[in-house]
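Participant: Below is a structure I'd like to ask you about.
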Amino acid sequence: MTQQILVAGAGIAGLNAAMALASPERHVVVLDRDPPPPDTSPEEAFYDWERKGATQLRHSHVFLGRLVKLIRAKHPRLWTELLAAGAREFTFADGLSPHLKPKYKYQPGDEDMSMLFSRRTTLELIMRRYAQSLPGVTFVPNAGIRGLTLERRDNQLVVTGLRVEVEGREQVMSADIVVDATGRTTQFPDWLAAEGVTMPEAPSSAGILYFSRHYRLRDGMDEPPRDGTPAGGDLDYIKYGLFPADNRHFSVTLACPELENELRTAIVRPEVFEAACAMMPGAARWTDPARCEPVSKVFAMGNLKNSWRDLMPGGKPAALNFFPIGDAAIRTNPLYGRGCSSGAIQAHILADVLSEVSDPAERMREHAKRVETEIRPFFDMMAKQDAQAIKRAENQLKPGYKPRLKARLAKSFLEDAIGPATRDDVRVLRAVMRPFHMLEHPTAWTKRASIMGRILRYWAMPKIFKKALYMPALGPKRPEGMKRLGLNAA
Ligand SMILES: Cc1cc2nc3c(=O)[nH]c(=O)nc-3n(C[C@H](O)[C@H](O)[C@H](O)COP(=O)(O)OP(=O)(O)OC[C@H]3O[C@@H](n4cnc5c(N)ncnc54)[C@H](O)[C@@H]3O)c2cc1C
C-alpha cells in the first residue's frame with residue numbers, strides 16, 4: 001500500500017525530506033504557507049519571491065561540505081542543475097592562499113570540503129524544482145498548517161494527520177507519517193502540549209544579532225583575489241563575514257553582540273553598515289563602490305538561539321508517526337553556517353530509518369539516536385563557543401579588564417599556534433577544516449598526535465620566525481571603531 005507522508009514546511013529541511021523520501025511506494029505531500037517560487041530565474045526569485053515563512057531567506061548563507069557531499073552523492077542531477085543556474089563550487093584548493101597553493105597535493109576526501117556559493121533563494125528555487133520532479137512528490141503552496149489530528153492508543157499519542165487551511169478553507173489531511181519541517185517558529189510543540197505531551201528544549205542565546213546586505217559586482221569587475229586576506233573575522237565587538245554567491249552576487253554579514261546596544265541600533269542604517277565594512281580591510285575590498293553596487297537594504301535578525309528539542313521526552317516517543325526535523329528540532333547560531341546541512345542530514349536519516357525499521361516506536365527511537373550521534377557533538381561545541389564569545393563581549397565593556405591566565409593561554413594557542421599552523425601547513429588546515437564542514441567530530445583533530453605535534457611546534461616557535469604567518473589586522477579595536485562609526489564607546 002502507498003505510504004502517505006505529509007511534510008509541513010518547504011524550507012531546506014522540508015525540501016530535503018521530499019528529496020530523501022521520494023519513492024513510487026510513497027505519496028509525499030509538502031505543504032507550505034508561502035506562495036510558490038516564481039517560475040523564472042534566480043534573479044526574480046531573489047527579488048520577488050514572497051517568503052514570509054522563512055525570514056532568514058534573504059540573509060547571507062553559505063552551504064558547507066557536508067551538504068554538498070550529500071547532494072552530489074544522492075542527488076547528482078540537482079548538483080548539475082545548481083551549477084547550471086549559476087551556483088558555484090568552491091573547493092578546498094580554491095580557498096588556499098598563494099603561500100599554501102604550491103604546497104598543496106590533492107588527497108582523497110578533499111572534494112568533500114567543497115562549499116556551494118549561492119544565494120539561499122537560488123538554492124531553494126532549484127532544489128524545489130528538482131524535488132517537484134521526483135516520483136510521488138506533490139507541493140501544496142499557500143497551505144497553512146493549523147493543527148494536528150491525533151488518536152490515543154494504549155496511552156500513547158499517535159499523529160494521524162494535519163488540519164490545513166488552503167485558500168481560506170480548512171481541511172483534514174490524513175497521513176501515516178507527519179514531518180514537522182516548519183522551522184524555528186514551529187507550533188507543533190504547543191499543539192502537543194495542549195494534549196499533555198511536552199517536548200522540552202533548553203535554548204541558549206547565540207548572543208549576537210545578524211545584519212546582511214547583498215551586492216552585485218559591476219560589469220567588468222571581479223571578486224578580490226584570494227590572497228590570504230580573511231573572508232571573515234571577529235573583533236569581539238563586531239564580526240564580519242563575506243558570502244560569495246551565484247551570478248555575480250555576494251553578501252556581507254556583520255554580527256554584533258546583543259549587549260552592544262548603540263552599535264546594534266545604528267548598524268541597520270546603510271551608511272553605518274558601509275562605514276563598518278570600510279574600516280575592516282577584509283570586507284572593504286569587497287564592498288568598495290568601484291567594485292560593486294548594493295542591491296538590497298540591510299536585513300536585520302535577532303533572537304538567534306541554540307536549542308535542541310527532546311524528541312523522546314523521558315525516553316518515550318512524544319507522539320508516534322511524528323518527526324520534527326530541521327530548525328523545528330535543532331536550531332544553531334547562523335554564524336557557523338550549519339543549519340542547512342543539519343536539516344538535510346536529519347531528513348536523510350529519517351528516510352533511512354523509515355525504510356529500515358517498521359515498528360513505529362522503534363523508528364522514533366532510532367531516528368532520535370542517529371540524529372544525536374550525527375549532530376550533538378557539533379551542537380554542544382557551538383553552544384560552548386557562543387557562551388565564551390558572550391563572555392568576551394562582556395569583558396570588552398569592562399574598563400581596565402585584564403584576562404586571566406587560562407583565557408590568555410587559550411587566546412595564545414589560537415593566535416600563536418593554530419593560526420600560524422593553518423596558514424603554513426596544508427595538513428593542519430585540512431584537519432581543522434574537516435570538522436568545520438561537519439565531516440568529522442569537531443575535536444577529531446585534537447586527538448591526532450601528528451596534527452597536535454605540528455601545531456605545538458608553531459606555538460614553541462619564536463614570533464620572529466612566524467611573523468608572516470599571523471592573521472593581518474582585521475580592523476580597529478573597539479574604542480577606535482566606535483569613534484569611526486560616530487558612536488559612543490562608553
Ligand atoms: C540569519 C540566518 C543566517 C543563516 N545562515 C546560514 C548559513 O549560512 N548556512 C546554513 O547552513 N544555515 C544558515 N542558517 C540556518 C538555516 O537558515 C536554517 O537552519 C534552515 O533554514 C532551517 O531549515 P528549515 O527547513 O528547518 O526551516 P525554514 O527554512 O525556516 O523553513 C520553514 C518552512 O516552514 C513554513 N512554515 C512555517 N510555519 C508554517 C505553517 N504553520 N504552515 C505552513 N508552513 C509553515 C515556512 O513558510 C518555511 O517555508 C541561517 C539562519 C539565520 C537565521
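Order determines the names: the first chain of the C-alpha cells is A, the second B, and so forth; residues in each chain are numbered 1 upward, and ligands are numbered 1 upward as they are shown.
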Using only C-alpha atoms and all ligand atoms, which residues of chain A come within 6 Å of ligand 1, and what is the closest atom pair for each, with the distance in Å to one decimal? Give it as JSON lines, sorted by chain and residue number.

Facilitator:
```
{"residue": "A:Ala8", "atom": "CA", "partner": "ligand 1", "partner_atom_place_in_ligand_line": "44 (N)", "distance": 5.9}
{"residue": "A:Gly9", "atom": "CA", "partner": "ligand 1", "partner_atom_place_in_ligand_line": "34 (O)", "distance": 3.4}
{"residue": "A:Ala10", "atom": "CA", "partner": "ligand 1", "partner_atom_place_in_ligand_line": "49 (O)", "distance": 4.6}
{"residue": "A:Gly11", "atom": "CA", "partner": "ligand 1", "partner_atom_place_in_ligand_line": "31 (O)", "distance": 3.5}
{"residue": "A:Ile12", "atom": "CA", "partner": "ligand 1", "partner_atom_place_in_ligand_line": "25 (O)", "distance": 3.9}
{"residue": "A:Ala13", "atom": "CA", "partner": "ligand 1", "partner_atom_place_in_ligand_line": "25 (O)", "distance": 3.6}
{"residue": "A:Gly14", "atom": "CA", "partner": "ligand 1", "partner_atom_place_in_ligand_line": "25 (O)", "distance": 5.2}
{"residue": "A:Leu31", "atom": "CA", "partner": "ligand 1", "partner_atom_place_in_ligand_line": "43 (C)", "distance": 5.9}
{"residue": "A:Asp32", "atom": "CA", "partner": "ligand 1", "partner_atom_place_in_ligand_line": "44 (N)", "distance": 3.7}
{"residue": "A:Arg33", "atom": "CA", "partner": "ligand 1", "partner_atom_place_in_ligand_line": "43 (C)", "distance": 3.9}
{"residue": "A:Asp34", "atom": "CA", "partner": "ligand 1", "partner_atom_place_in_ligand_line": "47 (O)", "distance": 5.1}
{"residue": "A:Gly53", "atom": "CA", "partner": "ligand 1", "partner_atom_place_in_ligand_line": "47 (O)", "distance": 3.2}
{"residue": "A:Ala54", "atom": "CA", "partner": "ligand 1", "partner_atom_place_in_ligand_line": "30 (O)", "distance": 4.4}
{"residue": "A:Gln56", "atom": "CA", "partner": "ligand 1", "partner_atom_place_in_ligand_line": "53 (C)", "distance": 4.7}
{"residue": "A:His59", "atom": "CA", "partner": "ligand 1", "partner_atom_place_in_ligand_line": "1 (C)", "distance": 5.2}
{"residue": "A:Ser60", "atom": "CA", "partner": "ligand 1", "partner_atom_place_in_ligand_line": "5 (N)", "distance": 5.7}
{"residue": "A:His61", "atom": "CA", "partner": "ligand 1", "partner_atom_place_in_ligand_line": "8 (O)", "distance": 3.1}
{"residue": "A:Val62", "atom": "CA", "partner": "ligand 1", "partner_atom_place_in_ligand_line": "8 (O)", "distance": 3.9}
{"residue": "A:Phe63", "atom": "CA", "partner": "ligand 1", "partner_atom_place_in_ligand_line": "11 (O)", "distance": 5.2}
{"residue": "A:Ala143", "atom": "CA", "partner": "ligand 1", "partner_atom_place_in_ligand_line": "43 (C)", "distance": 5.6}
{"residue": "A:Gly144", "atom": "CA", "partner": "ligand 1", "partner_atom_place_in_ligand_line": "42 (N)", "distance": 3.7}
{"residue": "A:Ile145", "atom": "CA", "partner": "ligand 1", "partner_atom_place_in_ligand_line": "42 (N)", "distance": 3.8}
{"residue": "A:Ala181", "atom": "CA", "partner": "ligand 1", "partner_atom_place_in_ligand_line": "26 (O)", "distance": 5.1}
{"residue": "A:Thr182", "atom": "CA", "partner": "ligand 1", "partner_atom_place_in_ligand_line": "34 (O)", "distance": 3.4}
{"residue": "A:Gly183", "atom": "CA", "partner": "ligand 1", "partner_atom_place_in_ligand_line": "27 (O)", "distance": 3.5}
{"residue": "A:Thr186", "atom": "CA", "partner": "ligand 1", "partner_atom_place_in_ligand_line": "38 (N)", "distance": 5.9}
{"residue": "A:Tyr210", "atom": "CA", "partner": "ligand 1", "partner_atom_place_in_ligand_line": "1 (C)", "distance": 5.8}
{"residue": "A:Met301", "atom": "CA", "partner": "ligand 1", "partner_atom_place_in_ligand_line": "1 (C)", "distance": 5.9}
{"residue": "A:Gly326", "atom": "CA", "partner": "ligand 1", "partner_atom_place_in_ligand_line": "26 (O)", "distance": 3.5}
{"residue": "A:Asp327", "atom": "CA", "partner": "ligand 1", "partner_atom_place_in_ligand_line": "26 (O)", "distance": 3.8}
{"residue": "A:Ala328", "atom": "CA", "partner": "ligand 1", "partner_atom_place_in_ligand_line": "26 (O)", "distance": 5.7}
{"residue": "A:Pro334", "atom": "CA", "partner": "ligand 1", "partner_atom_place_in_ligand_line": "4 (C)", "distance": 4.2}
{"residue": "A:Gly337", "atom": "CA", "partner": "ligand 1", "partner_atom_place_in_ligand_line": "9 (N)", "distance": 3.4}
{"residue": "A:Arg338", "atom": "CA", "partner": "ligand 1", "partner_atom_place_in_ligand_line": "11 (O)", "distance": 4.1}
{"residue": "A:Gly339", "atom": "CA", "partner": "ligand 1", "partner_atom_place_in_ligand_line": "19 (O)", "distance": 3.1}
{"residue": "A:Cys340", "atom": "CA", "partner": "ligand 1", "partner_atom_place_in_ligand_line": "11 (O)", "distance": 3.5}
{"residue": "A:Ser341", "atom": "CA", "partner": "ligand 1", "partner_atom_place_in_ligand_line": "11 (O)", "distance": 5.3}
{"residue": "A:Gly343", "atom": "CA", "partner": "ligand 1", "partner_atom_place_in_ligand_line": "26 (O)", "distance": 5.8}
```

Participant: Output the selection as a compact mmCIF listing (two decimals), in the first residue's frame - N, CA, C and O atoms for each residue.

Facilitator:
```
# COMPACT_ATOMS: atom_id res chain seq x y z
N ALA A 8 5.30 19.15 6.64
CA ALA A 8 4.85 20.51 6.94
C ALA A 8 6.05 21.44 6.81
O ALA A 8 6.99 21.36 7.60
N GLY A 9 6.02 22.30 5.77
CA GLY A 9 7.12 23.24 5.57
C GLY A 9 7.98 22.86 4.38
O GLY A 9 8.41 21.71 4.25
N ALA A 10 8.20 23.86 3.50
CA ALA A 10 9.01 23.61 2.29
C ALA A 10 10.28 24.44 2.32
O ALA A 10 10.71 24.99 1.31
N GLY A 11 10.89 24.56 3.51
CA GLY A 11 12.22 25.17 3.59
C GLY A 11 13.26 24.10 3.29
O GLY A 11 12.94 23.06 2.68
N ILE A 12 14.49 24.33 3.72
CA ILE A 12 15.56 23.39 3.37
C ILE A 12 15.29 21.99 3.93
O ILE A 12 15.49 20.99 3.24
N ALA A 13 14.79 21.91 5.17
CA ALA A 13 14.54 20.59 5.75
C ALA A 13 13.39 19.90 5.03
O ALA A 13 13.47 18.70 4.72
N GLY A 14 12.30 20.65 4.75
CA GLY A 14 11.16 20.05 4.05
C GLY A 14 11.55 19.60 2.65
O GLY A 14 11.14 18.53 2.20
N LEU A 31 3.63 20.76 2.29
CA LEU A 31 2.71 21.89 2.47
C LEU A 31 3.48 23.10 2.98
O LEU A 31 4.30 22.97 3.89
N ASP A 32 3.21 24.27 2.42
CA ASP A 32 3.85 25.48 2.95
C ASP A 32 2.89 26.65 2.85
O ASP A 32 2.14 26.77 1.88
N ARG A 33 2.96 27.51 3.86
CA ARG A 33 2.01 28.63 3.86
C ARG A 33 2.38 29.72 2.85
O ARG A 33 1.55 30.55 2.50
N ASP A 34 3.63 29.70 2.38
CA ASP A 34 4.07 30.74 1.44
C ASP A 34 3.67 30.38 0.00
O ASP A 34 3.46 29.21 -0.32
N GLY A 53 7.40 33.13 5.55
CA GLY A 53 7.57 31.98 6.45
C GLY A 53 9.02 31.68 6.77
O GLY A 53 9.29 30.92 7.71
N ALA A 54 9.96 32.21 5.98
CA ALA A 54 11.39 31.93 6.24
C ALA A 54 12.13 33.25 6.14
O ALA A 54 12.76 33.56 5.12
N GLN A 56 14.77 34.34 7.26
CA GLN A 56 16.23 34.32 7.09
C GLN A 56 16.65 34.13 5.64
O GLN A 56 17.82 34.15 5.31
N HIS A 59 19.02 36.52 4.18
CA HIS A 59 20.30 36.73 4.87
C HIS A 59 21.37 35.91 4.16
O HIS A 59 21.07 34.97 3.42
N SER A 60 22.62 36.31 4.43
CA SER A 60 23.75 35.58 3.83
C SER A 60 23.66 34.10 4.20
O SER A 60 23.36 33.77 5.34
N HIS A 61 23.95 33.26 3.24
CA HIS A 61 24.05 31.82 3.51
C HIS A 61 25.27 31.26 2.80
O HIS A 61 25.59 31.66 1.68
N VAL A 62 25.94 30.32 3.48
CA VAL A 62 26.94 29.52 2.81
C VAL A 62 26.56 28.07 3.05
O VAL A 62 25.95 27.75 4.08
N PHE A 63 26.88 27.21 2.11
CA PHE A 63 26.46 25.81 2.24
C PHE A 63 27.72 24.94 2.31
O PHE A 63 28.54 24.94 1.39
N ALA A 143 -0.60 26.93 1.89
CA ALA A 143 -1.29 25.99 2.76
C ALA A 143 -0.77 26.16 4.19
O ALA A 143 0.36 25.78 4.49
N GLY A 144 -1.60 26.77 5.04
CA GLY A 144 -1.19 27.00 6.43
C GLY A 144 -1.59 25.83 7.31
O GLY A 144 -2.75 25.43 7.32
N ILE A 145 -0.62 25.27 8.03
CA ILE A 145 -0.94 24.16 8.95
C ILE A 145 -1.56 24.78 10.20
O ILE A 145 -0.98 25.69 10.80
N ALA A 181 8.61 20.23 9.49
CA ALA A 181 9.76 20.99 8.98
C ALA A 181 9.36 22.46 8.90
O ALA A 181 9.70 23.15 7.94
N THR A 182 8.61 22.93 9.91
CA THR A 182 8.12 24.32 9.86
C THR A 182 9.13 25.30 10.48
O THR A 182 8.79 26.46 10.71
N GLY A 183 10.32 24.83 10.79
CA GLY A 183 11.37 25.77 11.17
C GLY A 183 11.30 26.23 12.61
O GLY A 183 10.61 25.65 13.45
N THR A 186 8.10 26.77 14.82
CA THR A 186 7.14 25.64 14.83
C THR A 186 6.10 25.77 15.95
O THR A 186 6.44 26.12 17.08
N TYR A 210 22.25 39.68 13.68
CA TYR A 210 22.77 39.44 12.34
C TYR A 210 22.31 40.56 11.42
O TYR A 210 21.13 40.91 11.40
N MET A 301 18.36 40.58 11.86
CA MET A 301 17.68 39.46 12.51
C MET A 301 18.24 39.22 13.90
O MET A 301 19.46 39.22 14.09
N GLY A 326 15.05 19.57 10.99
CA GLY A 326 15.50 20.93 10.69
C GLY A 326 15.42 21.80 11.93
O GLY A 326 15.55 21.31 13.06
N ASP A 327 15.17 23.10 11.72
CA ASP A 327 15.14 24.03 12.85
C ASP A 327 14.01 23.73 13.83
O ASP A 327 14.05 24.16 14.97
N ALA A 328 12.98 23.02 13.38
CA ALA A 328 11.90 22.65 14.29
C ALA A 328 12.44 21.75 15.40
O ALA A 328 11.87 21.70 16.49
N PRO A 334 23.56 30.99 13.36
CA PRO A 334 23.84 31.02 11.92
C PRO A 334 25.30 31.26 11.57
O PRO A 334 25.74 30.89 10.48
N GLY A 337 27.07 28.46 9.98
CA GLY A 337 26.63 28.01 8.65
C GLY A 337 26.25 26.55 8.59
O GLY A 337 26.43 25.90 7.57
N ARG A 338 25.73 26.02 9.69
CA ARG A 338 25.49 24.57 9.73
C ARG A 338 24.02 24.17 9.68
O ARG A 338 23.69 22.99 9.59
N GLY A 339 23.11 25.16 9.75
CA GLY A 339 21.68 24.84 9.86
C GLY A 339 21.16 24.04 8.68
O GLY A 339 20.41 23.07 8.86
N CYS A 340 21.54 24.43 7.46
CA CYS A 340 21.01 23.73 6.28
C CYS A 340 21.59 22.32 6.17
O CYS A 340 20.88 21.38 5.83
N SER A 341 22.89 22.19 6.47
CA SER A 341 23.48 20.84 6.45
C SER A 341 22.79 19.98 7.49
O SER A 341 22.45 18.82 7.23
N GLY A 343 19.75 20.25 8.72
CA GLY A 343 18.40 19.90 8.27
C GLY A 343 18.44 18.78 7.24
O GLY A 343 17.63 17.84 7.28
```

Participant: Set the distance at 8 Å and use only C-alpha atoms: which residues neighbour stretch 110-127 of chain A once local chain neighbours fewer than 6 positions away are removed? I'd like the list as a ChimeraX atom specification.

Facilitator: /A:11-12,15,37,42,45-46,57-66,68-69,78,81-82,85-92,243-246,249-250,430,433-434,437,439

Participant: Give me, as a list of chain:residue names, all polymer residues having an atom no more than 9 Å from A:Leu134, counting only C-alpha atoms and skipping those fewer than 5 positions away in the same chain.

Facilitator: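 With the cut-off at 9 Å, the set is A:Ala18, A:Met19, A:Ala22, A:Ser23.
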
Participant: Which residues come within 12 Å of A:Asp380, counting only C-alpha atoms, excluding same-chain residues fewer than 2 positions away, as a list of chain:residue names?

Facilitator: A:Ala202, A:Pro203, A:Ser204, A:Asn306, A:Ser307, A:Trp308, A:Ile330, A:Arg331, A:Thr332, A:Asn333, A:Glu372, A:Thr373, A:Glu374, A:Ile375, A:Arg376, A:Pro377, A:Phe378, A:Met382, A:Ala383, A:Lys384, A:Gln385, A:Asp386, A:Ala387, A:His441, A:Pro442, A:Thr443

Participant: Could you pull out the alpha helix (DSSP H) residues of stretch 196-301 of chain A, going by DSSP on the backbone, and write them as a tab-separated table (two decimals) with all heavy atoms, in the first residue's frame?

Facilitator:
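As a result, result12.tsv now contains:
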```
chain	number	residue	atom	x	y	z
A	261	ASN	N	24.43	47.85	22.55
A	261	ASN	CA	23.16	48.49	22.24
A	261	ASN	C	23.24	49.55	21.15
A	261	ASN	O	22.44	49.58	20.22
A	261	ASN	CB	22.58	49.12	23.51
A	261	ASN	CG	21.89	48.07	24.33
A	261	ASN	OD1	21.33	47.12	23.77
A	261	ASN	ND2	21.97	48.19	25.65
A	262	GLU	N	24.24	50.42	21.27
A	262	GLU	CA	24.30	51.53	20.32
A	262	GLU	C	24.64	51.03	18.91
A	262	GLU	O	24.03	51.42	17.92
A	262	GLU	CB	25.31	52.57	20.79
A	262	GLU	CG	25.08	53.85	20.03
A	262	GLU	CD	25.79	55.04	20.61
A	262	GLU	OE1	26.36	54.94	21.72
A	262	GLU	OE2	25.78	56.07	19.93
A	263	LEU	N	25.60	50.12	18.87
A	263	LEU	CA	26.04	49.57	17.58
A	263	LEU	C	24.90	48.82	16.89
A	263	LEU	O	24.62	49.00	15.70
A	263	LEU	CB	27.23	48.64	17.83
A	263	LEU	CG	27.93	48.03	16.63
A	263	LEU	CD1	28.46	49.11	15.71
A	263	LEU	CD2	29.09	47.13	17.07
A	264	ARG	N	24.19	48.00	17.64
A	264	ARG	CA	23.15	47.17	17.03
A	264	ARG	C	21.99	48.01	16.50
A	264	ARG	O	21.30	47.63	15.56
A	264	ARG	CB	22.65	46.10	18.00
A	264	ARG	CG	22.01	46.65	19.23
A	264	ARG	CD	21.65	45.56	20.22
A	264	ARG	NE	20.22	45.28	20.17
A	264	ARG	CZ	19.59	44.50	21.03
A	264	ARG	NH1	20.26	43.88	21.97
A	264	ARG	NH2	18.31	44.31	20.94
A	265	THR	N	21.76	49.17	17.12
A	265	THR	CA	20.68	50.03	16.65
A	265	THR	C	21.10	50.78	15.39
A	265	THR	O	20.31	50.98	14.47
A	265	THR	CB	20.32	51.07	17.74
A	265	THR	OG1	20.22	50.39	18.98
A	265	THR	CG2	19.02	51.79	17.45
A	266	ALA	N	22.39	51.18	15.36
A	266	ALA	CA	22.86	52.03	14.26
A	266	ALA	C	23.17	51.26	12.99
A	266	ALA	O	23.00	51.77	11.88
A	266	ALA	CB	24.10	52.80	14.72
A	270	PRO	N	22.12	51.96	6.25
A	270	PRO	CA	23.08	51.61	5.20
A	270	PRO	C	24.40	52.36	5.32
A	270	PRO	O	25.47	51.77	5.12
A	270	PRO	CB	22.35	52.00	3.91
A	270	PRO	CG	20.91	51.97	4.26
A	270	PRO	CD	20.80	52.30	5.71
A	271	GLU	N	24.36	53.66	5.70
A	271	GLU	CA	25.62	54.41	5.74
A	271	GLU	C	26.52	53.91	6.88
A	271	GLU	O	27.75	53.88	6.73
A	271	GLU	CB	25.36	55.93	5.83
A	271	GLU	CG	24.74	56.46	7.11
A	271	GLU	CD	23.21	56.29	7.18
A	271	GLU	OE1	22.64	55.57	6.35
A	271	GLU	OE2	22.61	56.86	8.12
A	272	VAL	N	25.93	53.47	7.99
A	272	VAL	CA	26.74	52.93	9.10
A	272	VAL	C	27.27	51.54	8.72
A	272	VAL	O	28.43	51.21	8.96
A	272	VAL	CB	25.92	52.88	10.42
A	272	VAL	CG1	26.76	52.31	11.56
A	272	VAL	CG2	25.40	54.27	10.78
A	273	PHE	N	26.41	50.74	8.08
A	273	PHE	CA	26.82	49.41	7.62
A	273	PHE	C	28.03	49.54	6.68
A	273	PHE	O	29.04	48.85	6.83
A	273	PHE	CB	25.65	48.74	6.91
A	273	PHE	CG	25.87	47.28	6.58
A	273	PHE	CD1	25.45	46.29	7.46
A	273	PHE	CD2	26.49	46.90	5.40
A	273	PHE	CE1	25.64	44.94	7.16
A	273	PHE	CE2	26.71	45.57	5.10
A	273	PHE	CZ	26.27	44.58	5.98
A	274	GLU	N	27.91	50.46	5.71
A	274	GLU	CA	29.02	50.64	4.74
A	274	GLU	C	30.27	51.16	5.43
A	274	GLU	O	31.39	50.73	5.10
A	274	GLU	CB	28.61	51.60	3.62
A	274	GLU	CG	27.49	51.08	2.71
A	274	GLU	CD	27.78	49.72	2.09
A	274	GLU	OE1	28.92	49.48	1.69
A	274	GLU	OE2	26.86	48.89	2.03
A	275	ALA	N	30.11	52.05	6.40
A	275	ALA	CA	31.28	52.59	7.12
A	275	ALA	C	31.95	51.48	7.92
A	275	ALA	O	33.19	51.42	8.01
A	275	ALA	CB	30.85	53.74	8.03
A	276	ALA	N	31.14	50.59	8.50
A	276	ALA	CA	31.72	49.48	9.28
A	276	ALA	C	32.50	48.56	8.34
A	276	ALA	O	33.61	48.12	8.66
A	276	ALA	CB	30.62	48.72	10.00
A	277	CYS	N	31.94	48.28	7.17
A	277	CYS	CA	32.66	47.43	6.20
A	277	CYS	C	33.98	48.12	5.80
A	277	CYS	O	35.03	47.47	5.71
A	277	CYS	CB	31.82	47.19	4.95
A	277	CYS	SG	30.40	46.14	5.23
A	278	ALA	N	33.90	49.43	5.58
A	278	ALA	CA	35.07	50.16	5.09
A	278	ALA	C	36.22	50.16	6.10
A	278	ALA	O	37.38	50.29	5.72
A	278	ALA	CB	34.67	51.59	4.74
A	281	PRO	N	39.57	45.82	6.62
A	281	PRO	CA	40.16	45.61	5.29
A	281	PRO	C	39.61	44.39	4.55
A	281	PRO	O	39.42	44.44	3.33
A	281	PRO	CB	41.66	45.43	5.59
A	281	PRO	CG	41.87	46.06	6.92
A	281	PRO	CD	40.59	45.97	7.67
A	282	GLY	N	39.32	43.30	5.28
A	282	GLY	CA	38.81	42.08	4.63
A	282	GLY	C	37.47	42.30	3.97
A	282	GLY	O	37.14	41.66	2.96
A	283	ALA	N	36.65	43.19	4.53
A	283	ALA	CA	35.34	43.47	3.93
A	283	ALA	C	35.43	44.63	2.95
A	283	ALA	O	34.77	44.63	1.90
A	283	ALA	CB	34.34	43.81	5.04
A	284	ALA	N	36.30	45.61	3.28
A	284	ALA	CA	36.36	46.84	2.48
A	284	ALA	C	36.69	46.58	1.02
A	284	ALA	O	36.12	47.21	0.11
A	284	ALA	CB	37.40	47.78	3.09
A	285	ARG	N	37.59	45.62	0.77
A	285	ARG	CA	37.99	45.42	-0.63
A	285	ARG	C	36.85	44.80	-1.44
A	285	ARG	O	36.83	44.89	-2.65
A	285	ARG	CB	39.27	44.58	-0.71
A	285	ARG	CG	39.10	43.22	-0.12
A	285	ARG	CD	40.42	42.64	0.33
A	285	ARG	NE	40.32	41.19	0.27
A	285	ARG	CZ	41.01	40.43	-0.54
A	285	ARG	NH1	41.90	40.95	-1.34
A	285	ARG	NH2	40.85	39.14	-0.56
A	286	TRP	N	35.87	44.19	-0.76
A	286	TRP	CA	34.69	43.66	-1.47
A	286	TRP	C	33.65	44.76	-1.69
A	286	TRP	O	33.08	44.89	-2.77
A	286	TRP	CB	34.06	42.52	-0.67
A	286	TRP	CG	34.80	41.22	-0.76
A	286	TRP	CD1	35.97	40.90	-0.14
A	286	TRP	CD2	34.45	40.08	-1.54
A	286	TRP	NE1	36.36	39.63	-0.46
A	286	TRP	CE2	35.45	39.10	-1.32
A	286	TRP	CE3	33.39	39.77	-2.40
A	286	TRP	CZ2	35.41	37.84	-1.94
A	286	TRP	CZ3	33.35	38.52	-2.99
A	286	TRP	CH2	34.36	37.57	-2.78
A	287	THR	N	33.37	45.54	-0.63
A	287	THR	CA	32.25	46.49	-0.72
A	287	THR	C	32.65	47.83	-1.36
A	287	THR	O	31.82	48.73	-1.46
A	287	THR	CB	31.65	46.77	0.68
A	287	THR	OG1	32.70	47.23	1.53
A	287	THR	CG2	31.03	45.52	1.28
```

Participant: How far is it from atom CA of A:Arg146 to atom CA of A:Leu6, in Å with one decimal?

Facilitator: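 Atom-to-atom, atom CA of A:Arg146 to atom CA of A:Leu6, that is 13.6 Å.
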
Participant: Set out as CSV a contact list for stretch 66-129 of chain A and stretch 219-230 of chain A with a cut-off of 12 Å, giving each residue of stretch 66-129 of chain A that qualifies its closest atom pair and distance in Å to one decimal, counting only C-alpha atoms, ordered by chain and rising residue number.

Facilitator:
```
residue,atom,partner,partner_atom,distance
A:Phe90,CA,A:Arg226,CA,11.6
A:Ala93,CA,A:Arg226,CA,10.9
A:Asp94,CA,A:Arg226,CA,8.1
A:Gly95,CA,A:Arg226,CA,6.9
A:Leu96,CA,A:Gly228,CA,7.5
A:Ser97,CA,A:Gly228,CA,4.7
A:Pro98,CA,A:Asp227,CA,5.9
A:His99,CA,A:Gly228,CA,8.1
A:Leu100,CA,A:Gly228,CA,9.2
A:Lys101,CA,A:Asp227,CA,10.4
```

Participant: Write the residues you've just listed into a file as a short mmCIF file (atom, residue, chain, number, x, y, z; two decimals), in the first residue's frame, and include N, CA and C atoms for each of them.

Facilitator:
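Heads up, here's the output in out_30.cif:
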```cif
data_model
loop_
_atom_site.label_atom_id
_atom_site.label_comp_id
_atom_site.auth_asym_id
_atom_site.auth_seq_id
_atom_site.Cartn_x
_atom_site.Cartn_y
_atom_site.Cartn_z
N PHE A 90 33.12 25.87 -4.60
CA PHE A 90 34.36 26.48 -4.12
C PHE A 90 35.13 25.38 -3.39
N ALA A 93 40.98 23.53 -2.44
CA ALA A 93 42.16 24.13 -3.09
C ALA A 93 41.89 25.60 -3.47
N ASP A 94 40.65 25.91 -3.89
CA ASP A 94 40.32 27.31 -4.25
C ASP A 94 40.55 28.25 -3.07
N GLY A 95 40.36 27.73 -1.86
CA GLY A 95 40.45 28.59 -0.68
C GLY A 95 41.87 28.76 -0.15
N LEU A 96 42.85 28.10 -0.79
CA LEU A 96 44.23 28.21 -0.27
C LEU A 96 44.86 29.54 -0.65
N SER A 97 45.65 30.06 0.26
CA SER A 97 46.35 31.32 -0.01
C SER A 97 47.49 31.06 -1.01
N PRO A 98 48.03 32.12 -1.66
CA PRO A 98 49.15 31.92 -2.58
C PRO A 98 50.34 31.25 -1.88
N HIS A 99 50.48 31.45 -0.57
CA HIS A 99 51.57 30.83 0.19
C HIS A 99 51.38 29.30 0.28
N LEU A 100 50.11 28.87 0.46
CA LEU A 100 49.85 27.44 0.64
C LEU A 100 49.68 26.70 -0.69
N LYS A 101 49.26 27.42 -1.73
CA LYS A 101 48.93 26.74 -3.01
C LYS A 101 50.06 25.85 -3.51
#
```

Participant: From a backbone DSSP assignment, name each residue in stretch 188-314 of chain A labelled strand (DSSP E), as a PyMOL selection string.

Facilitator: chain A and resi 204-205+208-217+232-234+239-244+249-257+292-294+299-301+305-308

Participant: If we count only C-alpha atoms, what is near A:Gly161 at a cut-off of 12 Å, once residues fewer than 2 positions away on the same chain are taken out, given as a count of residues only?

Facilitator: 31

Participant: So the first atom is atom CA of A:Pro38 and the second is atom CA of A:Pro141; what is the distance between them in Å, to one decimal place?

Facilitator: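 Straight-line distance from atom CA of A:Pro38 to atom CA of A:Pro141 works out to 12.0 Å.
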